[in-house]
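target.cif follows (mmCIF, C-alpha atoms and all ligand atoms):
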data_coords
#
loop_
_atom_site.label_atom_id
_atom_site.label_comp_id
_atom_site.auth_asym_id
_atom_site.auth_seq_id
_atom_site.Cartn_x
_atom_site.Cartn_y
_atom_site.Cartn_z
CA MET R 1000 91.66 92.63 0.52
CA LYS R 1001 90.96 91.23 -2.95
CA VAL R 1002 87.31 90.26 -3.27
CA PRO R 1003 86.72 87.25 -5.58
CA THR R 1004 83.91 89.10 -7.35
CA PHE R 1005 83.50 86.68 -10.17
CA GLU R 1006 83.43 83.66 -7.89
CA ILE R 1007 80.78 85.30 -5.66
CA ALA R 1008 78.71 86.34 -8.68
CA SER R 1009 78.85 82.79 -10.08
CA ILE R 1010 77.68 81.32 -6.78
CA LEU R 1011 74.81 83.81 -6.59
CA GLU R 1012 73.95 83.11 -10.22
CA ASP R 1013 73.77 79.41 -9.36
CA ILE R 1014 71.51 80.05 -6.36
CA LYS R 1015 69.27 82.19 -8.57
CA THR R 1016 68.17 79.15 -10.52
CA ARG R 1017 66.60 77.63 -7.40
CA ILE R 1018 64.61 80.49 -5.86
CA SER R 1019 61.32 82.37 -6.34
CA ALA R 1020 60.87 85.00 -9.07
CA GLU R 1021 60.70 87.80 -6.50
CA ASP R 1022 63.91 86.73 -4.76
CA LYS R 1023 65.52 86.24 -8.15
CA GLU R 1024 64.98 89.92 -8.91
CA LYS R 1025 66.53 90.96 -5.62
CA LEU R 1026 69.50 88.70 -6.21
CA SER R 1027 69.95 90.05 -9.75
CA TRP R 1028 70.16 93.53 -8.27
CA CYS R 1029 72.80 92.35 -5.76
CA ILE R 1030 74.85 90.72 -8.49
CA SER R 1031 74.72 93.79 -10.72
CA GLN R 1032 75.84 96.00 -7.80
CA LEU R 1033 78.68 93.60 -7.08
CA ILE R 1034 79.88 93.59 -10.66
CA GLU R 1035 79.50 97.35 -11.02
CA SER R 1036 81.48 98.03 -7.87
CA SER R 1037 84.29 95.82 -9.12
CA GLY R 1038 85.36 98.13 -11.92
CA LYS R 1039 88.95 97.35 -11.07
CA THR R 1040 88.84 93.56 -11.13
CA ASP R 1041 91.61 91.77 -12.97
CA LEU R 1042 89.40 90.86 -15.87
CA THR R 1043 86.92 93.24 -17.43
CA THR R 1044 83.50 91.90 -16.61
CA HIS R 1045 80.12 93.26 -17.56
CA ILE R 1046 76.56 92.11 -17.48
CA GLN R 1047 74.84 91.10 -20.66
CA SER R 1048 71.35 89.77 -20.84
CA GLY R 1049 69.99 87.51 -23.56
CA ASN R 1050 72.04 85.48 -25.98
CA THR R 1051 75.77 85.82 -26.08
CA TYR R 1052 78.01 84.98 -28.97
CA LEU R 1053 81.71 85.37 -29.40
CA THR R 1054 82.28 88.95 -30.49
CA GLU R 1055 84.30 89.79 -33.59
CA GLU R 1056 86.95 91.12 -31.26
CA THR R 1057 87.34 87.91 -29.25
CA LEU R 1058 87.30 85.84 -32.42
CA SER R 1059 90.05 87.95 -33.89
CA GLN R 1060 91.96 87.57 -30.61
CA ILE R 1061 91.83 83.81 -31.09
CA GLU R 1062 92.88 84.08 -34.71
CA GLN R 1063 95.69 86.44 -33.87
CA HIS R 1064 97.31 83.90 -31.56
CA SER R 1065 96.39 80.78 -33.47
CA SER R 1066 99.40 79.91 -35.53
CA LEU R 1067 99.44 76.15 -35.66
CA PRO R 1068 96.37 74.36 -37.02
CA LEU R 1069 98.69 71.36 -37.00
CA ILE R 1070 96.56 68.71 -35.35
CA ARG R 1071 92.91 67.99 -35.50
CA LEU R 1072 90.31 65.68 -34.09
CA ALA R 1073 88.81 63.20 -36.49
CA ILE R 1074 85.65 65.25 -37.01
CA SER R 1075 85.69 68.11 -39.49
CA ASP R 1076 86.14 71.75 -38.50
CA GLU R 1077 82.78 72.59 -39.96
CA GLU R 1078 81.10 70.02 -37.74
CA ILE R 1079 82.97 71.23 -34.68
CA SER R 1080 82.13 74.88 -35.30
CA ARG R 1081 78.47 73.99 -35.83
CA LYS R 1082 78.38 72.00 -32.58
CA SER R 1083 80.19 74.78 -30.82
CA ILE R 1084 77.85 77.52 -32.03
CA ASN R 1085 74.72 75.49 -31.21
CA ARG R 1086 76.08 74.88 -27.78
CA ARG R 1087 76.79 78.56 -27.27
CA ILE R 1088 73.25 79.47 -28.15
CA SER R 1089 71.71 76.94 -25.78
CA LEU R 1090 74.11 77.84 -22.99
CA SER R 1091 73.45 81.52 -23.34
CA SER R 1092 69.70 81.30 -23.55
CA SER R 1093 69.57 79.13 -20.42
CA SER R 1094 70.96 81.97 -18.36
CA SER R 1095 69.56 85.46 -17.97
CA LEU R 1096 72.95 86.80 -17.08
CA ASP R 1097 76.25 86.34 -18.79
CA LEU R 1098 79.48 87.83 -17.65
CA GLU R 1099 81.49 88.49 -20.73
CA ILE R 1100 85.18 88.35 -20.11
CA SER R 1101 87.73 90.02 -22.28
CA LEU R 1102 91.42 89.93 -21.63
CA PRO R 1103 93.77 92.88 -22.00
CA SER R 1104 95.91 92.70 -25.11
CA ALA R 1105 99.26 91.16 -24.27
CA ASN R 1106 102.07 91.05 -26.80
CA PHE R 1107 104.67 88.94 -25.02
CA ASP R 1108 105.99 85.74 -26.60
CA ILE R 1109 104.41 82.69 -24.93
CA ASN R 1110 106.92 80.43 -26.73
CA ASP R 1111 109.91 81.96 -24.92
CA PHE R 1112 111.27 79.78 -22.10
CA ASN R 1113 113.14 82.83 -20.75
CA ILE R 1114 109.91 84.77 -20.24
CA ASN R 1115 109.83 86.79 -16.98
CA ILE R 1116 106.59 85.66 -15.37
CA PHE R 1117 107.08 87.88 -12.32
CA GLU R 1118 107.32 91.05 -14.42
CA LEU R 1119 104.28 89.99 -16.44
CA ALA R 1120 102.32 89.34 -13.24
CA LYS R 1121 103.01 92.93 -12.15
CA GLU R 1122 101.69 94.18 -15.47
CA PHE R 1123 98.56 92.03 -15.82
CA GLY R 1124 97.76 90.67 -12.35
CA GLU R 1125 98.46 87.09 -11.31
CA ALA R 1126 95.09 85.42 -11.95
CA THR R 1127 94.65 87.31 -15.22
CA LEU R 1128 98.06 86.14 -16.34
CA LEU R 1129 96.94 82.51 -16.00
CA SER R 1130 94.00 83.26 -18.32
CA ILE R 1131 96.23 85.14 -20.77
CA TYR R 1132 98.75 82.28 -20.84
CA ALA R 1133 95.93 79.77 -21.29
CA GLN R 1134 94.29 81.71 -24.09
CA LYS R 1135 97.58 82.10 -25.95
CA ILE R 1136 98.55 78.45 -25.50
CA PHE R 1137 95.13 77.03 -26.37
CA ALA R 1138 94.95 79.34 -29.40
CA TYR R 1139 98.44 78.27 -30.49
CA TRP R 1140 97.33 74.63 -30.53
CA ASN R 1141 94.05 75.58 -32.16
CA LEU R 1142 92.13 73.98 -29.29
CA PHE R 1143 89.24 76.44 -29.32
CA ILE R 1144 88.32 75.13 -32.74
CA SER R 1145 89.43 71.51 -32.61
CA MET R 1146 88.13 70.82 -29.07
CA GLY R 1147 85.16 73.15 -29.42
CA PHE R 1148 86.12 75.07 -26.29
CA ASP R 1149 83.78 78.03 -26.01
CA LEU R 1150 86.03 81.02 -25.33
CA GLN R 1151 83.74 82.62 -22.75
CA VAL R 1152 83.17 79.38 -20.84
CA PHE R 1153 86.88 78.66 -21.05
CA LEU R 1154 87.90 82.08 -19.73
CA ARG R 1155 85.32 81.84 -16.96
CA TYR R 1156 86.76 78.46 -15.97
CA CYS R 1157 90.33 79.80 -16.09
CA GLN R 1158 89.38 82.77 -13.96
CA TYR R 1159 87.63 80.57 -11.41
CA ILE R 1160 90.65 78.27 -11.25
CA GLY R 1161 93.03 81.23 -11.07
CA GLU R 1162 91.16 82.78 -8.17
CA GLY R 1163 91.02 79.44 -6.34
CA TYR R 1164 94.80 79.21 -6.08
CA LYS R 1165 95.83 80.46 -2.66
CA PRO R 1166 98.33 83.29 -2.22
CA ASN R 1167 101.17 80.95 -1.13
CA LEU R 1168 104.68 82.08 -1.86
CA TYR R 1169 105.29 79.20 -4.27
CA HIS R 1170 102.19 77.07 -4.75
CA ASN R 1171 100.13 79.88 -6.20
CA VAL R 1172 98.49 80.76 -9.50
CA LEU R 1173 101.79 81.90 -11.02
CA HIS R 1174 103.25 78.45 -10.43
CA ALA R 1175 100.32 76.96 -12.36
CA ALA R 1176 100.85 79.42 -15.23
CA ASP R 1177 104.60 78.83 -15.15
CA VAL R 1178 104.25 75.04 -15.32
CA MET R 1179 101.66 75.23 -18.10
CA GLN R 1180 103.96 77.49 -20.13
CA ALA R 1181 106.88 75.13 -19.51
CA CYS R 1182 104.79 72.22 -20.83
CA HIS R 1183 103.88 74.28 -23.88
CA VAL R 1184 107.54 75.07 -24.59
CA PHE R 1185 108.42 71.36 -24.23
CA MET R 1186 105.79 70.48 -26.81
CA ILE R 1187 106.96 73.06 -29.34
CA SER R 1188 110.67 72.36 -28.80
CA THR R 1189 110.46 68.62 -29.45
CA ASN R 1190 108.86 66.45 -32.08
CA ILE R 1191 107.01 64.43 -29.46
CA VAL R 1192 103.56 65.42 -30.79
CA GLU R 1193 104.41 64.02 -34.21
CA LEU R 1194 106.38 61.01 -32.94
CA SER R 1195 103.63 59.83 -30.62
CA GLU R 1196 100.85 61.04 -32.94
CA MET R 1197 99.12 63.13 -30.31
CA ILE R 1198 95.83 64.77 -31.22
CA PRO R 1199 94.33 67.96 -29.71
CA LEU R 1200 92.76 65.94 -26.90
CA HIS R 1201 96.24 65.01 -25.65
CA ILE R 1202 97.58 68.55 -25.80
CA ALA R 1203 94.44 69.77 -24.04
CA ALA R 1204 94.91 67.09 -21.37
CA LEU R 1205 98.49 68.20 -20.72
CA MET R 1206 97.77 71.94 -20.63
CA LEU R 1207 94.64 71.59 -18.48
CA SER R 1208 96.47 69.26 -16.09
CA ALA R 1209 99.22 71.84 -15.71
CA MET R 1210 96.70 74.61 -15.14
CA VAL R 1211 94.92 72.80 -12.31
CA HIS R 1212 97.72 70.63 -10.95
CA ASP R 1213 98.14 72.50 -7.62
CA TYR R 1214 94.65 73.99 -7.42
CA LYS R 1215 93.82 75.20 -3.88
CA HIS R 1216 97.22 74.03 -2.59
CA PRO R 1217 97.30 74.84 1.16
CA GLY R 1218 101.06 75.57 1.19
CA VAL R 1219 101.94 72.44 3.18
CA SER R 1220 102.92 68.97 1.99
CA ASN R 1221 101.14 65.62 1.94
CA SER R 1222 103.26 64.39 4.83
CA TYR R 1223 102.25 67.36 6.97
CA LEU R 1224 98.55 66.78 6.23
CA TYR R 1225 99.06 63.12 7.09
CA MET R 1226 100.90 63.88 10.32
CA ILE R 1227 98.26 66.26 11.64
CA GLY R 1228 95.40 64.02 10.46
CA ASP R 1229 93.97 66.82 8.34
CA LYS R 1230 90.43 66.50 6.91
CA LEU R 1231 91.95 66.15 3.43
CA ALA R 1232 94.07 63.21 4.58
CA ILE R 1233 90.95 61.56 5.95
CA ARG R 1234 89.03 62.28 2.73
CA TYR R 1235 91.71 60.77 0.48
CA ASN R 1236 92.83 57.92 2.75
CA ASP R 1237 96.37 59.35 3.10
CA VAL R 1238 97.09 58.53 -0.56
CA SER R 1239 98.37 61.38 -2.80
CA ILE R 1240 96.20 63.63 -0.67
CA LEU R 1241 96.89 66.94 -2.36
CA GLU R 1242 97.04 65.62 -5.91
CA ASN R 1243 93.67 63.88 -5.49
CA TYR R 1244 92.29 67.10 -4.08
CA HIS R 1245 93.60 69.33 -6.92
CA VAL R 1246 92.26 67.23 -9.75
CA SER R 1247 88.97 66.34 -8.10
CA LYS R 1248 88.20 70.01 -7.44
CA ALA R 1249 89.13 70.93 -11.01
CA PHE R 1250 86.52 68.53 -12.38
CA GLN R 1251 83.92 69.63 -9.83
CA ILE R 1252 84.25 73.20 -11.07
CA ALA R 1253 83.57 72.14 -14.64
CA LEU R 1254 80.21 70.81 -13.40
CA LYS R 1255 79.08 74.29 -12.41
CA GLU R 1256 76.70 76.17 -14.62
CA ASN R 1257 78.49 77.98 -17.45
CA MET R 1258 81.83 76.45 -16.45
CA ASN R 1259 81.63 73.26 -18.44
CA ILE R 1260 84.60 73.55 -20.75
CA PHE R 1261 84.00 69.97 -21.87
CA SER R 1262 80.51 70.50 -23.26
CA ASN R 1263 81.48 70.19 -26.92
CA ILE R 1264 83.39 66.94 -26.78
CA SER R 1265 81.83 63.49 -26.89
CA LYS R 1266 81.34 61.37 -23.75
CA GLU R 1267 84.11 59.10 -24.90
CA GLU R 1268 86.51 62.00 -25.46
CA TYR R 1269 85.59 63.37 -22.04
CA ARG R 1270 86.33 60.03 -20.41
CA THR R 1271 89.72 59.84 -22.13
CA LEU R 1272 90.59 63.43 -21.26
CA ARG R 1273 89.55 62.85 -17.65
CA LYS R 1274 91.65 59.70 -17.38
CA LEU R 1275 94.70 61.46 -18.83
CA MET R 1276 94.32 64.46 -16.54
CA ILE R 1277 93.79 62.38 -13.40
CA ASN R 1278 96.83 60.29 -14.25
CA ALA R 1279 98.97 63.36 -14.99
CA VAL R 1280 98.03 65.27 -11.83
CA LEU R 1281 98.36 62.20 -9.60
CA GLY R 1282 101.78 61.71 -11.20
CA THR R 1283 102.97 65.03 -9.73
CA ASP R 1284 103.13 63.41 -6.29
CA MET R 1285 106.90 63.33 -5.65
CA THR R 1286 106.61 59.75 -4.39
CA LYS R 1287 106.00 58.88 -8.07
CA HIS R 1288 109.28 60.48 -9.17
CA PRO R 1289 111.28 57.19 -9.28
CA GLN R 1290 108.55 55.73 -11.50
CA HIS R 1291 108.94 58.63 -13.96
CA VAL R 1292 112.70 58.06 -14.01
CA SER R 1293 112.33 54.36 -14.67
CA ASN R 1294 109.75 55.07 -17.41
CA LEU R 1295 112.43 56.96 -19.35
CA SER R 1296 113.79 53.66 -20.61
CA LYS R 1297 110.57 53.18 -22.58
CA LEU R 1298 111.25 56.34 -24.57
CA SER R 1299 114.17 55.19 -26.65
CA GLN R 1300 113.71 56.80 -30.07
CA ASN R 1301 113.61 53.32 -31.62
CA ASN R 1302 110.49 52.48 -29.65
CA ASP R 1303 107.08 53.16 -31.06
CA LEU R 1304 105.80 56.09 -28.99
CA LYS R 1305 102.25 55.93 -30.30
CA GLY R 1306 101.22 53.67 -27.45
CA GLU R 1307 102.94 55.84 -24.81
CA LYS R 1308 100.81 58.98 -24.94
CA GLU R 1309 99.49 58.66 -21.39
CA LEU R 1310 102.98 58.06 -20.05
CA LEU R 1311 104.34 61.03 -22.04
CA ILE R 1312 101.64 63.41 -20.84
CA SER R 1313 102.30 62.45 -17.24
CA LEU R 1314 106.06 62.68 -17.77
CA PHE R 1315 105.89 66.16 -19.30
CA MET R 1316 103.52 67.32 -16.59
CA HIS R 1317 106.05 66.21 -13.97
CA LEU R 1318 108.94 67.73 -15.95
CA GLY R 1319 107.07 71.05 -16.07
CA ASP R 1320 106.45 70.84 -12.33
CA LEU R 1321 110.19 70.38 -11.76
CA SER R 1322 111.30 73.00 -14.27
CA ASN R 1323 112.12 75.87 -11.90
CA PRO R 1324 115.80 74.82 -11.48
CA SER R 1325 116.06 74.83 -15.30
CA ARG R 1326 114.77 78.36 -15.81
CA ILE R 1327 117.28 81.17 -16.39
CA GLU R 1328 119.17 82.29 -13.29
CA LYS R 1329 116.96 85.19 -12.15
CA ILE R 1330 113.72 83.27 -12.53
CA CYS R 1331 115.19 80.15 -10.96
CA GLU R 1332 116.40 82.20 -8.01
CA GLU R 1333 112.97 83.78 -7.43
CA TRP R 1334 111.16 80.42 -7.50
CA THR R 1335 113.76 78.87 -5.25
CA LEU R 1336 113.59 81.55 -2.60
CA ARG R 1337 109.81 81.27 -2.70
CA ILE R 1338 109.69 77.47 -2.35
CA CYS R 1339 112.29 77.50 0.41
CA GLU R 1340 110.43 80.13 2.44
CA GLU R 1341 107.18 78.19 1.96
CA PHE R 1342 109.03 75.09 3.18
CA PHE R 1343 110.39 77.02 6.17
CA LEU R 1344 106.89 78.18 7.08
CA GLN R 1345 105.83 74.52 7.11
CA GLY R 1346 108.87 73.74 9.27
CA ASP R 1347 107.74 76.43 11.71
CA LYS R 1348 104.29 74.83 11.87
CA GLU R 1349 105.81 71.39 12.41
CA ARG R 1350 107.96 72.73 15.24
CA SER R 1351 105.00 74.34 16.94
CA ASN R 1352 102.93 71.15 16.51
CA ASN R 1353 105.72 69.04 18.02
CA ILE R 1354 106.12 66.92 14.92
CA PRO R 1355 109.50 66.26 13.30
CA VAL R 1356 110.58 69.09 11.02
CA SER R 1357 110.67 67.76 7.43
CA PRO R 1358 113.89 67.68 5.43
CA LEU R 1359 114.65 71.03 3.72
CA MET R 1360 112.12 72.77 5.94
CA ASP R 1361 114.12 73.80 8.97
CA ARG R 1362 115.03 77.46 8.63
CA TYR R 1363 117.62 77.06 11.42
CA LEU R 1364 119.48 74.26 9.69
CA VAL R 1365 119.01 74.48 5.94
CA ASN R 1366 121.47 76.30 3.73
CA ILE R 1367 119.36 77.20 0.70
CA ALA R 1368 122.30 77.13 -1.72
CA LYS R 1369 123.37 73.68 -0.49
CA SER R 1370 119.79 72.41 -0.61
CA GLN R 1371 119.57 73.45 -4.27
CA ILE R 1372 122.88 71.86 -5.17
CA GLY R 1373 121.57 68.66 -3.59
CA PHE R 1374 118.21 68.94 -5.36
CA ILE R 1375 119.73 69.68 -8.78
CA SER R 1376 122.43 66.99 -8.48
CA GLY R 1377 120.31 64.36 -6.79
CA VAL R 1378 116.86 64.82 -8.35
CA ILE R 1379 116.86 67.13 -11.38
CA LEU R 1380 119.95 66.13 -13.36
CA PRO R 1381 119.50 62.34 -12.95
CA PHE R 1382 116.01 62.87 -14.37
CA ILE R 1383 116.52 65.39 -17.16
CA THR R 1384 119.89 64.15 -18.44
CA PRO R 1385 118.60 60.73 -19.60
CA LEU R 1386 115.34 62.36 -20.66
CA CYS R 1387 117.18 64.79 -22.94
CA ARG R 1388 119.18 61.91 -24.39
CA GLU R 1389 115.94 60.23 -25.45
CA ILE R 1390 113.92 63.29 -26.44
CA LYS R 1391 115.69 65.78 -28.67
CA GLY R 1392 115.19 69.52 -28.31
CA LEU R 1393 115.32 69.99 -24.54
CA ASP R 1394 119.05 70.40 -23.96
CA PHE R 1395 118.50 73.91 -22.61
CA LEU R 1396 117.00 72.31 -19.48
CA VAL R 1397 120.26 70.55 -18.66
CA THR R 1398 122.42 73.55 -19.59
CA ASN R 1399 120.42 75.89 -17.37
CA ALA R 1400 120.23 73.45 -14.44
CA GLN R 1401 124.00 72.97 -14.53
CA ALA R 1402 124.58 76.73 -14.73
CA ASN R 1403 122.23 77.30 -11.80
CA LYS R 1404 124.00 74.63 -9.78
CA GLU R 1405 127.26 76.56 -10.33
CA VAL R 1406 125.60 79.79 -9.24
CA TRP R 1407 124.32 78.16 -6.02
CA ALA R 1408 127.80 76.73 -5.39
CA GLY R 1409 129.17 80.28 -5.44
CA ARG R 1410 126.55 81.39 -2.90
CA ILE R 1411 127.04 78.79 -0.16
CA ASN R 1412 128.77 81.21 2.21
CA GLU R 1413 126.16 83.89 1.67
CA PHE R 1414 123.40 81.47 2.70
CA GLU R 1415 125.46 80.00 5.54
CA GLU R 1416 125.54 83.46 7.07
CA LYS R 1417 121.78 83.71 6.78
CA ILE R 1418 121.35 80.54 8.85
CA VAL R 1419 123.77 81.75 11.50
CA LYS R 1420 121.82 85.01 11.73
CA SER R 1421 118.56 83.10 12.18
CA LYS R 1422 120.08 81.04 14.98
CA ASP R 1423 121.30 84.20 16.68
CA GLN R 1424 117.86 85.70 16.37
CA SER R 1425 116.19 82.61 17.82
CA ALA R 1426 118.69 82.56 20.72
CA SER R 1427 118.02 86.18 21.56
CA LEU R 1428 114.23 85.75 21.55
P1 LIG R 1501 104.49 70.48 -6.45
O1 LIG R 1501 104.48 70.63 -4.98
O2 LIG R 1501 103.24 69.90 -7.02
O3 LIG R 1501 104.84 71.74 -7.18
O4 LIG R 1501 105.55 69.34 -6.75
C1 LIG R 1501 106.87 69.59 -6.97
C2 LIG R 1501 107.71 69.19 -5.79
O5 LIG R 1501 109.05 69.19 -6.22
C3 LIG R 1501 107.67 70.20 -4.65
O6 LIG R 1501 106.68 69.99 -3.71
C4 LIG R 1501 109.03 69.99 -4.02
O7 LIG R 1501 109.02 68.85 -3.21
C5 LIG R 1501 109.89 69.68 -5.20
N1 LIG R 1501 110.60 70.87 -5.69
C6 LIG R 1501 110.32 71.61 -6.80
N2 LIG R 1501 111.20 72.60 -6.95
C7 LIG R 1501 112.06 72.51 -5.90
C8 LIG R 1501 113.21 73.24 -5.49
N3 LIG R 1501 113.67 74.28 -6.19
N4 LIG R 1501 113.85 72.84 -4.36
C9 LIG R 1501 113.43 71.77 -3.66
N5 LIG R 1501 112.35 71.04 -3.98
C10 LIG R 1501 111.67 71.39 -5.10
MG MG R 1502 101.49 69.44 -6.40
ZN ZN R 1503 103.37 72.12 -8.73
#

Whole structure given in structure tokens:
Amino acid sequence: MKVPTFEIASILEDIKTRISAEDKEKLSWCISQLIESSGKTDLTTHIQSGNTYLTEETLSQIEQHSSLPLIRLAISDEEISRKSINRRISLSSSSSLDLEISLPSANFDINDFNINIFELAKEFGEATLLSIYAQKIFAYWNLFISMGFDLQVFLRYCQYIGEGYKPNLYHNVLHAADVMQACHVFMISTNIVELSEMIPLHIAALMLSAMVHDYKHPGVSNSYLYMIGDKLAIRYNDVSILENYHVSKAFQIALKENMNIFSNISKEEYRTLRKLMINAVLGTDMTKHPQHVSNLSKLSQNNDLKGEKELLISLFMHLGDLSNPSRIEKICEEWTLRICEEFFLQGDKERSNNIPVSPLMDRYLVNIAKSQIGFISGVILPFITPLCREIKGLDFLVTNAQANKEVWAGRINEFEEKIVKSKDQSASL
């Protein structure tokens, strides 16, 4: 069983601030034992007392990946770095223990849409891969400097988020990394940043939204939670239950000690970032899909896109979330088999709870190949075809989705046999 060492250590660290000096010492010993015994955690962690600064090594890691100082906030770099350094000093001195995180060096190309995330996950570990993706993407957009993100706080936040994703077949930490990378590729493949005059805050909003957009996903849908009257449905009044949950949790984590990635931006910037992220994550609720499609008409190249940043961020977030049918064949196939099996597991639960089995979720009825042809023809292509007409540079999405649809068409019989076998198995049970 994988022990979430870092998460436990952070909780204990938090408790330490509220107890007696004697108990504090005991707890420090427990934490150090915990960290020491986790020599094989995904990320290298070690205890450091006193002040912590970014090491030369981590700074050079940032520089190595930072290739596009293209956009900046209105304040000067010098001012940002000063604010950032001051903040680091005060953060560090407020805590007797800092867990310094350093990522393994990773030389893959984050800009490549054909990247094999499943192979990379084997090499680096799933949660670590989210942090590696995030570090590369945030460095690419120069966000550590322009948004004053402290690298250690940022990596701690990423790791916490990564470990909070559940090991579902589809809605897991790799899906978060995959969607974030898709959003990054969309931004570098189009001229949308320039056309709409986005600043780092907007890029940060999109990438952070993608990172957290399915945080703690339970592997079942909103309608299932609604039907069983789950606690989450009660908490969020049956409205975008999961999406409210993901984004709310993501902001709660940033309130924890040493997790506040937003500490170097102004209150106003924070409010804007928060609004954009909430809007983008809530927009991933599939009931909002028709709204995204109808919003496409506002994107005609003749229109002024400067006033459409919020809409664009939400649109690209949703596009990233629906990008698995537009990945190359092997990757598309892996995601598809994963989402379908996760759906089937929900169908099994529905059957055993005597509630109607949701569409696409009945393993005894659904032909996966046919379901994908329906999904690509009925949902994906009617969305991405007009989108690619309006926004240049994303034609590969349509080409790949069409090619994948052809591949699924050639596999209908293969998947028909799989259903028949399942029925036989269920009859013989
Ligand atoms: P999310 O659950 O946040 O990842 O939202 C995306 C939604 O799009 C999923 O819940 C599914 O309803 C749908 N979806 C994405 N990919 C597929 C796929 N390959 N086949 C069927 N539905 C999909
Ligand atoms: Mg979701
Ligand atoms: Zn998702």

*Can you pull out every residue within 12 Å of Cys1387 of chain R, counting all atoms listed in the file, but drop anything in the same chain fewer than 2 positions away, and send it as a ChimeraX atom specification?*
/R:1185,1188-1189,1295-1296,1298-1300,1315,1318,1379-1385,1389-1398

_Which residues are near ligand MG 1502 (chain R) - at most 7 Å, using all atoms listed in the file? Format: as a PyMOL selection string._
chain R and resi 1212-1213+1241-1242+1283-1284

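Using all atoms listed in the file for every distance, the candidate list R:Asn1366, R:Asn1302, R:Asn1399, R:Gln1180 yields R:Gln1180 as the residue closest to Gln1134 of chain R.
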
_Between atom CA of Pro1199 of chain R and atom CA of Met1186 of chain R, distance in Å (one decimal)_ = 12.1 Å

*asked:* So that I can check the surroundings of Val1219 of chain R, please list as JSON, numbers by chain every protein, DNA and RNA residue that reaches within 10 Å of it, counting only C-alpha atoms and ignoring chain neighbours fewer than 2 positions away.
replied: {"R": [1167, 1170, 1216, 1217, 1221, 1222, 1223, 1224, 1241, 1341, 1342, 1344, 1345, 1346, 1348]}

Expected file: the selected residues, C-alpha atoms, as a PDB file, in the coordinates of the input:
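The file below, selection_12.pdb, is the result:
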ATOM      1  CA  ASN R1167     101.170  80.950  -1.130  1.00  0.00           C
ATOM      2  CA  HIS R1170     102.190  77.070  -4.750  1.00  0.00           C
ATOM      3  CA  HIS R1216      97.220  74.030  -2.590  1.00  0.00           C
ATOM      4  CA  PRO R1217      97.300  74.840   1.160  1.00  0.00           C
ATOM      5  CA  ASN R1221     101.140  65.620   1.940  1.00  0.00           C
ATOM      6  CA  SER R1222     103.260  64.390   4.830  1.00  0.00           C
ATOM      7  CA  TYR R1223     102.250  67.360   6.970  1.00  0.00           C
ATOM      8  CA  LEU R1224      98.550  66.780   6.230  1.00  0.00           C
ATOM      9  CA  LEU R1241      96.890  66.940  -2.360  1.00  0.00           C
ATOM     10  CA  GLU R1341     107.180  78.190   1.960  1.00  0.00           C
ATOM     11  CA  PHE R1342     109.030  75.090   3.180  1.00  0.00           C
ATOM     12  CA  LEU R1344     106.890  78.180   7.080  1.00  0.00           C
ATOM     13  CA  GLN R1345     105.830  74.520   7.110  1.00  0.00           C
ATOM     14  CA  GLY R1346     108.870  73.740   9.270  1.00  0.00           C
ATOM     15  CA  LYS R1348     104.290  74.830  11.870  1.00  0.00           C
TER      16      LYS R1348
END

Check every protein, DNA and RNA residue against ligand LIG 1501 (chain R), keep those with an atom at most 7 Å away (counting all atoms listed in the file), and present them as an mmCIF file with C-alpha atoms, in the coordinates of the input.
data_model
loop_
_atom_site.group_PDB
_atom_site.id
_atom_site.type_symbol
_atom_site.label_atom_id
_atom_site.label_comp_id
_atom_site.auth_asym_id
_atom_site.auth_seq_id
_atom_site.Cartn_x
_atom_site.Cartn_y
_atom_site.Cartn_z
ATOM 1 C CA HIS R 1170 102.190 77.070 -4.750
ATOM 2 C CA HIS R 1212 97.720 70.630 -10.950
ATOM 3 C CA ASP R 1213 98.140 72.500 -7.620
ATOM 4 C CA SER R 1220 102.920 68.970 1.990
ATOM 5 C CA THR R 1283 102.970 65.030 -9.730
ATOM 6 C CA ASP R 1284 103.130 63.410 -6.290
ATOM 7 C CA MET R 1285 106.900 63.330 -5.650
ATOM 8 C CA ASP R 1320 106.450 70.840 -12.330
ATOM 9 C CA LEU R 1321 110.190 70.380 -11.760
ATOM 10 C CA ASN R 1323 112.120 75.870 -11.900
ATOM 11 C CA PRO R 1324 115.800 74.820 -11.480
ATOM 12 C CA TRP R 1334 111.160 80.420 -7.500
ATOM 13 C CA THR R 1335 113.760 78.870 -5.250
ATOM 14 C CA ILE R 1338 109.690 77.470 -2.350
ATOM 15 C CA CYS R 1339 112.290 77.500 0.410
ATOM 16 C CA GLN R 1371 119.570 73.450 -4.270
ATOM 17 C CA PHE R 1374 118.210 68.940 -5.360
#

*Give as a ChimeraX atom specification every residue, naming chains and numbers as the document does, that has an atom within 12 Å of (80.5, 65.9, -24.7), counting only C-alpha atoms.*
/R:1079,1082-1083,1086,1146-1148,1259-1273

_Using all atoms listed in the file: which of R:Ala1279, R:Ala1408, R:Leu1168, R:Leu1336 has the shortest distance to Gly1218 of chain R_ =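 Looking only at the distances to Gly1218 of chain R, the closest residue turns out to be R:Leu1168.
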
_Pick from R:Asn1243, R:Ser1376, R:Asn1190, R:Asn1352 nearest to Leu1304 of chain R, counting all atoms listed in the file_ = R:Asn1190

Counting only C-alpha atoms, which residues of segment 1143-1247 of chain R fall within 8 Å of segment 1106-1123 of chain R, and what is the closest atom pair for each with its distance in Å at one decimal, ordered by chain and rising number, as JSON lines?
{"residue": "R:Leu1173", "atom": "CA", "partner": "R:Ile1116", "partner_atom": "CA", "distance": 7.5}
{"residue": "R:Asp1177", "atom": "CA", "partner": "R:Ile1116", "partner_atom": "CA", "distance": 7.1}
{"residue": "R:Gln1180", "atom": "CA", "partner": "R:Ile1109", "partner_atom": "CA", "distance": 7.1}
{"residue": "R:Ala1181", "atom": "CA", "partner": "R:Phe1112", "partner_atom": "CA", "distance": 6.9}
{"residue": "R:His1183", "atom": "CA", "partner": "R:Asn1110", "partner_atom": "CA", "distance": 7.4}
{"residue": "R:Val1184", "atom": "CA", "partner": "R:Asn1110", "partner_atom": "CA", "distance": 5.8}
{"residue": "R:Ile1187", "atom": "CA", "partner": "R:Asn1110", "partner_atom": "CA", "distance": 7.8}
